[in-house]
Structures are given as structure tokens and as C-alpha cells.
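Q: So that you have it, the file is structure-v9.cif, and it contains mmCIF, C-alpha atoms:
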data_query
loop_
_atom_site.label_atom_id
_atom_site.label_comp_id
_atom_site.auth_asym_id
_atom_site.auth_seq_id
_atom_site.Cartn_x
_atom_site.Cartn_y
_atom_site.Cartn_z
CA MET A 1 113.48 116.56 142.25
CA THR A 2 113.72 117.99 145.78
CA SER A 3 110.95 117.74 148.35
CA GLU A 4 110.47 121.53 148.02
CA ASP A 5 109.88 121.15 144.29
CA ASP A 6 107.46 118.29 144.93
CA PHE A 7 105.59 120.40 147.45
CA ASP A 8 105.40 123.41 145.12
CA GLU A 9 104.04 121.19 142.35
CA PHE A 10 101.50 119.63 144.74
CA VAL A 11 100.30 123.06 145.90
CA ARG A 12 99.85 124.24 142.31
CA ALA A 13 97.92 121.07 141.45
CA ARG A 14 95.68 121.05 144.54
CA TRP A 15 95.19 124.74 145.30
CA SER A 16 91.86 125.16 143.46
CA ALA A 17 90.26 122.03 144.92
CA THR A 18 91.47 122.92 148.41
CA ALA A 19 90.19 126.48 148.11
CA ARG A 20 86.79 125.15 146.89
CA LEU A 21 86.57 122.83 149.88
CA ALA A 22 87.54 125.65 152.24
CA TYR A 23 84.96 127.97 150.66
CA ALA A 24 82.22 125.35 150.93
CA LEU A 25 83.00 125.02 154.62
CA THR A 26 83.47 128.70 155.50
CA LEU A 27 81.16 130.28 152.89
CA ASP A 28 83.52 133.25 152.85
CA HIS A 29 86.18 133.80 150.18
CA GLN A 30 88.70 135.48 152.46
CA LYS A 31 88.31 132.92 155.26
CA ALA A 32 88.52 130.15 152.68
CA GLU A 33 91.80 131.47 151.32
CA ASP A 34 93.16 131.79 154.87
CA LEU A 35 92.02 128.25 155.69
CA ALA A 36 93.61 126.83 152.52
CA GLN A 37 96.88 128.65 153.19
CA GLU A 38 96.92 127.44 156.78
CA ALA A 39 96.26 123.87 155.64
CA PHE A 40 99.14 123.93 153.15
CA THR A 41 101.38 125.42 155.82
CA LYS A 42 100.51 122.60 158.21
CA LEU A 43 101.02 120.06 155.43
CA TRP A 44 104.52 121.42 154.75
CA PHE A 45 105.72 120.29 158.18
CA HIS A 46 104.77 116.68 157.36
CA TRP A 47 105.59 116.76 153.65
CA ARG A 48 108.70 114.56 153.68
CA LYS A 49 106.91 111.58 155.16
CA LEU A 50 103.63 112.15 153.29
CA ARG A 51 104.76 113.00 149.76
CA LYS A 52 105.11 109.35 148.73
CA GLY A 53 101.81 108.36 150.37
CA SER A 54 98.49 110.13 150.23
CA PRO A 55 99.06 113.85 150.85
CA GLU A 56 95.71 114.76 149.30
CA ALA A 57 93.72 112.85 151.93
CA TYR A 58 95.87 114.32 154.69
CA LEU A 59 95.38 117.83 153.28
CA ARG A 60 91.59 117.34 153.19
CA LYS A 61 91.74 116.17 156.83
CA ILE A 62 93.75 119.27 157.80
CA VAL A 63 91.25 121.60 156.11
CA THR A 64 88.26 119.91 157.71
CA SER A 65 89.71 119.62 161.21
CA THR A 66 91.06 123.18 161.18
CA PHE A 67 87.66 124.47 160.12
CA LEU A 68 85.82 122.46 162.76
CA SER A 69 88.23 123.25 165.56
CA GLY A 70 87.60 126.97 165.31
CA ARG A 71 91.03 127.64 166.83
CA ARG A 72 92.19 129.69 163.91
CA ARG A 73 93.39 133.16 164.73
CA ARG A 74 90.64 135.65 164.11
CA TRP A 75 91.40 139.12 162.85
CA LEU A 76 88.85 141.68 163.92
CA GLY A 77 90.16 144.64 161.94
CA GLU A 78 87.16 144.79 159.61
CA HIS A 79 83.50 144.74 160.46
CA PRO A 80 81.46 143.76 157.42
CA THR A 81 77.81 144.72 157.27
CA ASP A 82 75.03 142.15 157.22
CA THR A 83 73.48 143.49 154.04
CA PRO A 84 75.37 144.59 150.95
CA PRO A 85 74.49 147.85 149.25
CA GLU A 86 71.58 147.79 146.84
CA ALA A 87 72.54 146.59 143.39
CA THR A 88 70.47 146.21 140.28
CA VAL A 89 70.43 142.75 138.77
CA GLU A 90 69.58 142.23 135.16
CA ALA A 91 67.13 139.57 133.99
CA GLY A 92 68.57 136.18 133.15
CA THR A 93 70.43 135.70 136.42
CA THR A 94 68.43 132.71 137.66
CA GLN A 95 71.54 130.58 138.09
CA VAL A 96 73.20 133.29 140.18
CA GLU A 97 70.07 133.64 142.31
CA GLU A 98 69.92 129.87 142.84
CA ARG A 99 73.59 129.73 143.84
CA LEU A 100 73.08 132.60 146.28
CA ALA A 101 70.01 130.89 147.75
CA LEU A 102 71.97 127.65 148.12
CA ARG A 103 74.87 129.49 149.74
CA GLN A 104 72.52 131.20 152.21
CA ALA A 105 70.86 127.88 153.03
CA MET A 106 74.25 126.20 153.55
CA ALA A 107 75.20 129.06 155.89
CA ARG A 108 72.27 128.13 158.14
CA LEU A 109 73.61 124.60 158.66
CA SER A 110 75.82 123.79 161.61
CA PRO A 111 79.51 123.49 160.68
CA ARG A 112 79.41 119.69 160.98
CA GLN A 113 76.23 119.42 158.90
CA ARG A 114 77.69 121.73 156.25
CA ALA A 115 80.92 119.73 156.14
CA ALA A 116 79.08 116.39 155.98
CA VAL A 117 76.70 117.49 153.22
CA TYR A 118 79.44 119.12 151.16
CA LEU A 119 81.93 116.27 151.50
CA ARG A 120 79.30 113.61 150.73
CA TYR A 121 77.64 115.27 147.74
CA ALA A 122 79.94 117.90 146.27
CA GLU A 123 83.19 116.00 146.87
CA ASP A 124 81.40 112.64 146.37
CA LEU A 125 83.26 110.99 149.24
CA PRO A 126 82.05 107.77 150.86
CA GLU A 127 80.53 107.97 154.34
CA ARG A 128 83.53 106.17 155.87
CA VAL A 129 85.96 108.77 154.48
CA VAL A 130 83.75 111.64 155.65
CA ALA A 131 83.57 110.05 159.10
CA ASP A 132 87.37 109.89 159.24
CA LEU A 133 87.64 113.52 158.13
CA LEU A 134 85.11 114.71 160.70
CA GLY A 135 86.46 112.47 163.44
CA CYS A 136 83.14 110.78 164.10
CA SER A 137 81.25 107.56 163.36
CA VAL A 138 79.57 106.68 160.08
CA GLY A 139 76.24 106.89 161.92
CA ALA A 140 77.02 110.46 162.95
CA VAL A 141 77.85 111.33 159.34
CA LYS A 142 74.52 109.88 158.24
CA GLN A 143 72.75 111.91 160.91
CA HIS A 144 74.57 115.16 160.06
CA THR A 145 73.90 114.61 156.36
CA ARG A 146 70.22 113.76 156.87
CA ARG A 147 69.60 116.74 159.13
CA GLY A 148 71.54 119.05 156.84
CA LEU A 149 69.57 117.93 153.79
CA GLU A 150 66.29 118.30 155.69
CA THR A 151 67.24 121.88 156.56
CA LEU A 152 68.24 122.60 152.98
CA ARG A 153 64.98 121.17 151.65
CA VAL A 154 62.99 123.40 153.99
CA ASP A 155 65.01 126.46 152.99
CA ILE A 156 65.10 125.78 149.26
CA THR A 157 63.37 123.24 147.11
CA PHE A 158 65.98 122.64 144.42
CA VAL A 159 68.87 121.07 146.35
CA THR A 160 70.33 118.13 144.50
CA PRO A 161 73.82 116.64 144.52
CA ASP A 162 74.41 118.33 141.14
CA GLU A 163 73.59 121.74 142.60
CA LEU A 164 75.91 121.09 145.54
CA ALA A 165 78.63 120.20 143.06
CA ASP A 166 77.83 123.42 141.20
CA LEU A 167 78.36 125.34 144.44
CA ALA A 168 81.78 123.70 144.60
CA GLY A 169 82.53 124.92 141.09
CA LYS A 170 82.37 121.45 139.62
CA ALA A 171 80.05 120.14 136.97
CA ASN A 172 78.80 116.58 137.35
CA PRO A 173 78.59 114.78 134.02
#
Produce C-alpha cells that represent the structure in this file.
A:
Amino acid sequence: MTSEDDFDEFVRARWSATARLAYALTLDHQKAEDLAQEAFTKLWFHWRKLRKGSPEAYLRKIVTSTFLSGRRRRWLGEHPTDTPPEATVEAGTTQVEERLALRQAMARLSPRQRAAVYLRYAEDLPERVVADLLGCSVGAVKQHTRRGLETLRVDITFVTPDELADLAGKANP
């Protein structure tokens, strides 16, 4: 199997998880897709030496560092409005309302707090791994996570690791 075939297979296997991570960081579907595509593009240039090792960890690092660096090219062709048009919502949409409330609360966190909280609870990564991904100390991860959770608890009262995993599109058993 060629390295191109290996890469194609890896992209197919990891696209959904990478897009979920990117969405949790950006809180925007279009930006998340752009971030995921950019991460896979960057990974391609290092694929030959990484494919036998741990490309998944390297990909996660690319997504996180690209998000935090803010150096991504910004396209200003569209100007979305702050509030969507009025829409009627039928009864029985409590889960949707909770997810929207959680998303809005996550949007109020700083990028580092959002990344730390998401990576720790939704991705269930150890503090040491999150510290490596964020390029900071374990103590800084603890501080970002604590402050992020405090902010979330003030904004909404139902934040649990299971609900963060739900935001990521995963269900914890």
C-alpha cells in the first residue's frame, strides 16, 4: 500500500473526530471544516515519517495549535448577523435547547479555556497530553480548566463531562 493510500485511509477514519474537535474549538461549522482541512493538509507534508508512529496525536496537535495561533487566513466575504431570524420551535426540544445553551456558554470562554475544557472532558485526555497540545504546563491546564468550568457553571447549571461529550457528538457509556 502506498503512503498516499495510507493517508487517504487515515483521513477517512479520522475525519469525523477531527471535525468534532475543530467544531468544539471554533464553535462554527464552516470554520471547523476549514480548520480540519488545514490540519490534514499540514499533516500530509509530514505523513511519510509519521504514518508508522502516532499520526493521530500529531493531527490533534496541529488542530489545536492552528486554532490557538489565529494565523489562519480569514475570508471576509460574508458578514453573518448576530441574531438568526425568528423561528418557531416545537415542544420537546429540551435537548436542543441545552446543547445551544452549552454552545453559547462555551463561546464565552477564552480560546485556551475552551480548548482545555473540551480536550479534558469531551476528548477525555489526561492533563499532561492537554498541556502538550496547548504548549503550556500542567498547572496552566488545570488553571484554564478550572476557570473555564467556573464560567460554565455561572452561565449554565447543567455542565457535566457527559454533556461536554454530547456537545462533541459522543455518548459516554
Q: Give me the residues within 9 Å of Ile62 (chain A) as a list in words, counting all atoms listed in the file and dropping any in the same chain fewer than 5 places off.
A: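 Everything that qualifies: Glu38, Ala39, Phe40, Lys42, Leu43, Ala57, Phe67 and Leu133 of chain A.
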Q: Would you compute the distance between CA of Leu27 (chain A) and CA of Ala107 (chain A)? Give it in Å to one decimal.
A: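 According to the coordinates, CA of Leu27 (chain A) and CA of Ala107 (chain A) are separated by 6.8 Å.
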Q: Could you please determine the separation between CA of Thr145 (chain A) and CA of Gln113 (chain A) in Å, to one decimal place?
A: 5.9 Å
Q: Restricting the calculation to only C-alpha atoms: of A:Ser3, A:Glu56, A:Met106, A:Gln30, which residue gets closest to Arg147 (chain A)?
A: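 Of A:Ser3, A:Glu56, A:Met106, A:Gln30, the one nearest Arg147 (chain A), counting only C-alpha atoms, is A:Met106.
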Q: Do you have the CA of Ala36 (chain A)-CA of Asp5 (chain A) distance handy?
A: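 CA of Asp5 (chain A) lies at a distance of 19.1 Å from CA of Ala36 (chain A).
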Q: Care to translate the PyMOL selection byres ((chain A and resi 112) around 9) into actual residues of this file, as a list in words?
A: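 That selection, the PyMOL selection byres ((chain A and resi 112) around 9), comes back as Leu68, Leu109, Ser110, Pro111, Gln113, Arg114, Ala115, Ala116, Val117, Leu134, Val141, His144, Thr145 and Gly148 of chain A.
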